[in-house]
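Visitor: Please see the structure below; I have some questions.
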Amino acid sequence: MTDDNTPTSPDDEPLTELSFTVSGRVSRPVAEVYEAVADPDQLSHYFTTGGARGRLESGATVSWDFHDFPGRFPVTVVEATPPDRIEIRWGADKPEDGLTETTVVFEFSPIDEGRRTLVTITESAWRATGPGARNAFGNCEGWTGMLAALKVWVEHGINLREGFYA
């Protein structure tokens with residue numbers, strides 16, 4: 001904290017933006033795991049409980065719907081580089097301090113000689129405010145749940161979220 005109670009980063013610079021990163025390992029090759037995120041049919045089976053419309057391809061605008069946050073969320077695909085990376089922008093759930101969207105980056109890295117995939121999700125652009133922190137923490141929880149559901153779906157064909165929210 002500075003003298004005026006402004007949050008600071010570890011290098012003592014004023015903290016203006018919050019971001020987080022979550023990751024998990026899926027016991028399938030990277031192309032298969034990438035496809036489970038990019039393909040709206042698969043995404044609808046384990047993550048977007050209200051359905052996904054549109055494939056995650058560079059330049060596309062798709063929509064995601066969730067039973068726990070009803071209403072379609074527009075998702076802009078900034079870049080999709082199969083099978084390594086997807087970058088999206090989507091609307092902030094509860095816009096605070098003028099923040100209207102955040103950036104989410106999915107990275108897919110082969111590990112264990114390609115038998116498994118390390119999936120890393122980073123979301124950024126949250127304001128360094130109380131409401132911004134609450135929203136960032138909520139989305140961090142959501143992406144962690146998505147990773148768990150992705151793993152169970154890809155490895156076992158089970159929809160972990162079925163009946164969880166509605």
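Residue numbers start at 1 in each chain; chains themselves are named A, B, ... in the order of the structure tokens; ligands are numbered from 1 in the order shown.
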Residues of region 83-140 of chain A classed as strand (DSSP E or B) by DSSP on the backbone are to be reported as a PyMOL selection string.

Guide: chain A and resi 85-91+101-111+116-127

Visitor: Give me a file of those residues, with C-alpha atoms, as a PDB file, in the first residue's frame.

Guide:
```pdb
ATOM      1  CA  ARG A  85      -3.866 -20.850 -27.806  1.00  0.00           C
ATOM      2  CA  ILE A  86      -7.254 -19.114 -27.760  1.00  0.00           C
ATOM      3  CA  GLU A  87      -7.717 -15.484 -26.718  1.00  0.00           C
ATOM      4  CA  ILE A  88     -11.205 -14.120 -26.093  1.00  0.00           C
ATOM      5  CA  ARG A  89     -12.816 -10.972 -24.763  1.00  0.00           C
ATOM      6  CA  TRP A  90     -16.127 -11.083 -23.005  1.00  0.00           C
ATOM      7  CA  GLY A  91     -18.327  -8.780 -20.982  1.00  0.00           C
ATOM      8  CA  GLU A 101     -14.964  -6.598 -20.772  1.00  0.00           C
ATOM      9  CA  THR A 102     -12.049  -8.759 -19.757  1.00  0.00           C
ATOM     10  CA  THR A 103      -9.499 -10.751 -21.726  1.00  0.00           C
ATOM     11  CA  VAL A 104      -9.170 -14.505 -21.261  1.00  0.00           C
ATOM     12  CA  VAL A 105      -6.271 -16.510 -22.704  1.00  0.00           C
ATOM     13  CA  PHE A 106      -6.345 -20.317 -22.897  1.00  0.00           C
ATOM     14  CA  GLU A 107      -2.964 -21.967 -23.469  1.00  0.00           C
ATOM     15  CA  PHE A 108      -2.564 -25.662 -24.261  1.00  0.00           C
ATOM     16  CA  SER A 109       0.888 -27.195 -23.728  1.00  0.00           C
ATOM     17  CA  PRO A 110       1.811 -30.818 -24.385  1.00  0.00           C
ATOM     18  CA  ILE A 111       3.423 -32.578 -21.420  1.00  0.00           C
ATOM     19  CA  ARG A 116      -1.185 -35.094 -21.389  1.00  0.00           C
ATOM     20  CA  THR A 117      -1.965 -31.410 -21.758  1.00  0.00           C
ATOM     21  CA  LEU A 118      -1.330 -28.540 -19.390  1.00  0.00           C
ATOM     22  CA  VAL A 119      -4.221 -26.089 -19.756  1.00  0.00           C
ATOM     23  CA  THR A 120      -3.560 -22.578 -18.456  1.00  0.00           C
ATOM     24  CA  ILE A 121      -6.277 -19.920 -18.292  1.00  0.00           C
ATOM     25  CA  THR A 122      -5.445 -16.286 -17.548  1.00  0.00           C
ATOM     26  CA  GLU A 123      -8.086 -13.585 -17.202  1.00  0.00           C
ATOM     27  CA  SER A 124      -7.093  -9.938 -16.966  1.00  0.00           C
ATOM     28  CA  ALA A 125      -8.367  -6.353 -16.969  1.00  0.00           C
ATOM     29  CA  TRP A 126     -10.191  -6.299 -13.628  1.00  0.00           C
ATOM     30  CA  ARG A 127      -9.951  -2.949 -11.827  1.00  0.00           C
TER      31      ARG A 127
END
```

Visitor: Hey, what's within 6 Å of region 143-160 of chain A if we count only C-alpha atoms and toss same-chain stuff fewer than 3 positions away? As JSON, numbers by chain, please?

Guide: {"A": [26, 46, 47, 140]}

Visitor: Taking N, CA and C atoms for each residue, export the selection above as a JSON list (two decimals), in the first residue's frame.

Guide:
```json
[["chain", "number", "residue", "atom", "x", "y", "z"],
["A", 26, "VAL", "N", -4.72, -32.39, -18.13],
["A", 26, "VAL", "CA", -5.73, -33.28, -18.68],
["A", 26, "VAL", "C", -5.00, -34.42, -19.38],
["A", 46, "TYR", "N", -20.08, -29.65, -21.02],
["A", 46, "TYR", "CA", -19.42, -29.67, -19.72],
["A", 46, "TYR", "C", -19.24, -28.28, -19.08],
["A", 47, "PHE", "N", -19.46, -27.18, -19.83],
["A", 47, "PHE", "CA", -19.18, -25.86, -19.26],
["A", 47, "PHE", "C", -20.35, -24.89, -19.37],
["A", 140, "CYS", "N", -12.38, -16.41, -11.18],
["A", 140, "CYS", "CA", -11.32, -17.38, -10.91],
["A", 140, "CYS", "C", -11.94, -18.70, -10.46]]
```

Visitor: Taking 5 positions as the minimum chain separation for residues in the same chain, which residues sit within 6 Å of Gly50 (chain A) when counting only C-alpha atoms? Answer as a list in words.

Guide: Asp65, Phe66 and His67 of chain A

Visitor: As a compact mmCIF listing (two decimals) with C-alpha atoms, in the first residue's frame, please: the residues near His45 (chain A) (cut-off 9 Å, only C-alpha atoms, same-chain neighbours under 3 positions excluded).

Guide:
```
# COMPACT_ATOMS: atom_id res chain seq x y z
CA PRO A 40 -19.40 -25.39 -29.10
CA ASP A 41 -21.05 -28.84 -28.92
CA GLN A 42 -18.42 -30.13 -26.51
CA THR A 48 -21.83 -23.58 -20.76
CA THR A 49 -24.80 -25.11 -18.97
CA GLY A 51 -25.29 -23.77 -24.33
CA TRP A 153 -15.47 -34.57 -19.81
CA ILE A 158 -19.01 -37.17 -17.82
CA ASN A 159 -20.77 -33.80 -17.53
CA ARG A 161 -21.91 -29.66 -14.05
CA GLU A 162 -25.15 -31.49 -14.96
```

Visitor: So which bits of region 11-141 of chain A end up alpha helix (DSSP H) when you DSSP the backbone, as a list in words?

Guide: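 Taking region 11-141 of chain A and keeping alpha helix (DSSP H) gives Val30, Ala31, Glu32, Val33, Tyr34, Glu35, Ala36, Val37, Ala38, Pro40, Asp41, Gln42, Leu43, Ser44, His45, Tyr46, Gly130, Pro131, Gly132, Ala133, Arg134, Asn135, Ala136, Phe137, Gly138, Asn139, Cys140 and Glu141 of chain A.
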
Visitor: Write to file, as a PDB file, in the first residue's frame, the residues of the selection just made, with N, CA and C atoms.

Guide:
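Writing the result to again.pdb gives the following:
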```pdb
ATOM      1  N   VAL A  30      -2.879 -32.686 -26.700  1.00  0.00           N
ATOM      2  CA  VAL A  30      -3.226 -31.271 -26.774  1.00  0.00           C
ATOM      3  C   VAL A  30      -4.304 -30.971 -27.818  1.00  0.00           C
ATOM      4  N   ALA A  31      -4.267 -31.581 -28.985  1.00  0.00           N
ATOM      5  CA  ALA A  31      -5.267 -31.296 -30.025  1.00  0.00           C
ATOM      6  C   ALA A  31      -6.673 -31.681 -29.559  1.00  0.00           C
ATOM      7  N   GLU A  32      -6.785 -32.779 -28.834  1.00  0.00           N
ATOM      8  CA  GLU A  32      -8.086 -33.225 -28.331  1.00  0.00           C
ATOM      9  C   GLU A  32      -8.625 -32.276 -27.261  1.00  0.00           C
ATOM     10  N   VAL A  33      -7.748 -31.790 -26.404  1.00  0.00           N
ATOM     11  CA  VAL A  33      -8.165 -30.883 -25.340  1.00  0.00           C
ATOM     12  C   VAL A  33      -8.533 -29.516 -25.933  1.00  0.00           C
ATOM     13  N   TYR A  34      -7.732 -29.030 -26.873  1.00  0.00           N
ATOM     14  CA  TYR A  34      -8.041 -27.774 -27.559  1.00  0.00           C
ATOM     15  C   TYR A  34      -9.425 -27.855 -28.194  1.00  0.00           C
ATOM     16  N   GLU A  35      -9.695 -28.937 -28.881  1.00  0.00           N
ATOM     17  CA  GLU A  35     -10.974 -29.112 -29.572  1.00  0.00           C
ATOM     18  C   GLU A  35     -12.150 -29.095 -28.589  1.00  0.00           C
ATOM     19  N   ALA A  36     -11.954 -29.626 -27.385  1.00  0.00           N
ATOM     20  CA  ALA A  36     -13.019 -29.646 -26.386  1.00  0.00           C
ATOM     21  C   ALA A  36     -13.387 -28.233 -25.925  1.00  0.00           C
ATOM     22  N   VAL A  37     -12.463 -27.289 -26.082  1.00  0.00           N
ATOM     23  CA  VAL A  37     -12.750 -25.897 -25.735  1.00  0.00           C
ATOM     24  C   VAL A  37     -13.289 -25.145 -26.945  1.00  0.00           C
ATOM     25  N   ALA A  38     -12.723 -25.364 -28.112  1.00  0.00           N
ATOM     26  CA  ALA A  38     -13.096 -24.621 -29.324  1.00  0.00           C
ATOM     27  C   ALA A  38     -14.455 -25.028 -29.892  1.00  0.00           C
ATOM     28  N   PRO A  40     -18.260 -25.764 -29.936  1.00  0.00           N
ATOM     29  CA  PRO A  40     -19.401 -25.389 -29.095  1.00  0.00           C
ATOM     30  C   PRO A  40     -20.218 -26.581 -28.602  1.00  0.00           C
ATOM     31  N   ASP A  41     -20.297 -27.664 -29.379  1.00  0.00           N
ATOM     32  CA  ASP A  41     -21.046 -28.839 -28.921  1.00  0.00           C
ATOM     33  C   ASP A  41     -20.407 -29.446 -27.681  1.00  0.00           C
ATOM     34  N   GLN A  42     -19.080 -29.588 -27.693  1.00  0.00           N
ATOM     35  CA  GLN A  42     -18.415 -30.132 -26.513  1.00  0.00           C
ATOM     36  C   GLN A  42     -18.487 -29.164 -25.340  1.00  0.00           C
ATOM     37  N   LEU A  43     -18.245 -27.878 -25.593  1.00  0.00           N
ATOM     38  CA  LEU A  43     -18.280 -26.882 -24.534  1.00  0.00           C
ATOM     39  C   LEU A  43     -19.643 -26.869 -23.846  1.00  0.00           C
ATOM     40  N   SER A  44     -20.699 -27.073 -24.639  1.00  0.00           N
ATOM     41  CA  SER A  44     -22.065 -27.103 -24.089  1.00  0.00           C
ATOM     42  C   SER A  44     -22.304 -28.319 -23.203  1.00  0.00           C
ATOM     43  N   HIS A  45     -21.532 -29.373 -23.388  1.00  0.00           N
ATOM     44  CA  HIS A  45     -21.715 -30.579 -22.578  1.00  0.00           C
ATOM     45  C   HIS A  45     -21.101 -30.477 -21.191  1.00  0.00           C
ATOM     46  N   TYR A  46     -20.083 -29.650 -21.020  1.00  0.00           N
ATOM     47  CA  TYR A  46     -19.420 -29.666 -19.718  1.00  0.00           C
ATOM     48  C   TYR A  46     -19.237 -28.284 -19.085  1.00  0.00           C
ATOM     49  N   GLY A 130     -12.495  -2.868  -4.749  1.00  0.00           N
ATOM     50  CA  GLY A 130     -13.237  -3.921  -4.053  1.00  0.00           C
ATOM     51  C   GLY A 130     -14.154  -4.691  -4.987  1.00  0.00           C
ATOM     52  N   PRO A 131     -15.021  -3.995  -5.742  1.00  0.00           N
ATOM     53  CA  PRO A 131     -15.884  -4.718  -6.685  1.00  0.00           C
ATOM     54  C   PRO A 131     -15.081  -5.471  -7.752  1.00  0.00           C
ATOM     55  N   GLY A 132     -14.002  -4.871  -8.215  1.00  0.00           N
ATOM     56  CA  GLY A 132     -13.169  -5.549  -9.215  1.00  0.00           C
ATOM     57  C   GLY A 132     -12.578  -6.830  -8.658  1.00  0.00           C
ATOM     58  N   ALA A 133     -12.098  -6.781  -7.418  1.00  0.00           N
ATOM     59  CA  ALA A 133     -11.525  -7.975  -6.788  1.00  0.00           C
ATOM     60  C   ALA A 133     -12.590  -9.053  -6.598  1.00  0.00           C
ATOM     61  N   ARG A 134     -13.793  -8.670  -6.142  1.00  0.00           N
ATOM     62  CA  ARG A 134     -14.865  -9.657  -5.964  1.00  0.00           C
ATOM     63  C   ARG A 134     -15.209 -10.337  -7.294  1.00  0.00           C
ATOM     64  N   ASN A 135     -15.313  -9.540  -8.358  1.00  0.00           N
ATOM     65  CA  ASN A 135     -15.624 -10.114  -9.671  1.00  0.00           C
ATOM     66  C   ASN A 135     -14.498 -11.009 -10.183  1.00  0.00           C
ATOM     67  N   ALA A 136     -13.261 -10.583  -9.981  1.00  0.00           N
ATOM     68  CA  ALA A 136     -12.119 -11.405 -10.407  1.00  0.00           C
ATOM     69  C   ALA A 136     -12.095 -12.732  -9.648  1.00  0.00           C
ATOM     70  N   PHE A 137     -12.312 -12.678  -8.326  1.00  0.00           N
ATOM     71  CA  PHE A 137     -12.339 -13.914  -7.539  1.00  0.00           C
ATOM     72  C   PHE A 137     -13.463 -14.830  -7.997  1.00  0.00           C
ATOM     73  N   GLY A 138     -14.622 -14.266  -8.302  1.00  0.00           N
ATOM     74  CA  GLY A 138     -15.741 -15.076  -8.796  1.00  0.00           C
ATOM     75  C   GLY A 138     -15.408 -15.766 -10.102  1.00  0.00           C
ATOM     76  N   ASN A 139     -14.785 -15.037 -11.026  1.00  0.00           N
ATOM     77  CA  ASN A 139     -14.418 -15.660 -12.293  1.00  0.00           C
ATOM     78  C   ASN A 139     -13.295 -16.667 -12.120  1.00  0.00           C
ATOM     79  N   CYS A 140     -12.381 -16.406 -11.182  1.00  0.00           N
ATOM     80  CA  CYS A 140     -11.316 -17.379 -10.908  1.00  0.00           C
ATOM     81  C   CYS A 140     -11.937 -18.704 -10.460  1.00  0.00           C
ATOM     82  N   GLU A 141     -12.946 -18.625  -9.612  1.00  0.00           N
ATOM     83  CA  GLU A 141     -13.673 -19.826  -9.188  1.00  0.00           C
ATOM     84  C   GLU A 141     -14.320 -20.506 -10.393  1.00  0.00           C
TER      85      GLU A 141
END
```

Visitor: Rank nothing, just name the residue among A:Ser19, A:Asp68, A:Ser58, A:Asp12 nearest to Pro82 (chain A), using only C-alpha atoms.

Guide: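 Closest candidate: A:Ser58.
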
Visitor: Identify which of the residues A:Pro14, A:Glu57, A:Arg28, A:Val22 lies closest to Glu79 (chain A), counting only C-alpha atoms when measuring atom-to-atom distances.

Guide: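 So, comparing all the options, the nearest one is A:Glu57.
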
Visitor: Please compute the CA of Ala128 (chain A)-CA of Gly142 (chain A) distance, one decimal, in Å.

Guide: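 Calculated distance between CA of Ala128 (chain A) and CA of Gly142 (chain A) is 19.4 Å.
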
Visitor: Just give me the gap between CA of Gly114 (chain A) and CA of Arg55 (chain A) in Å, one decimal is fine.

Guide: 24.5 Å
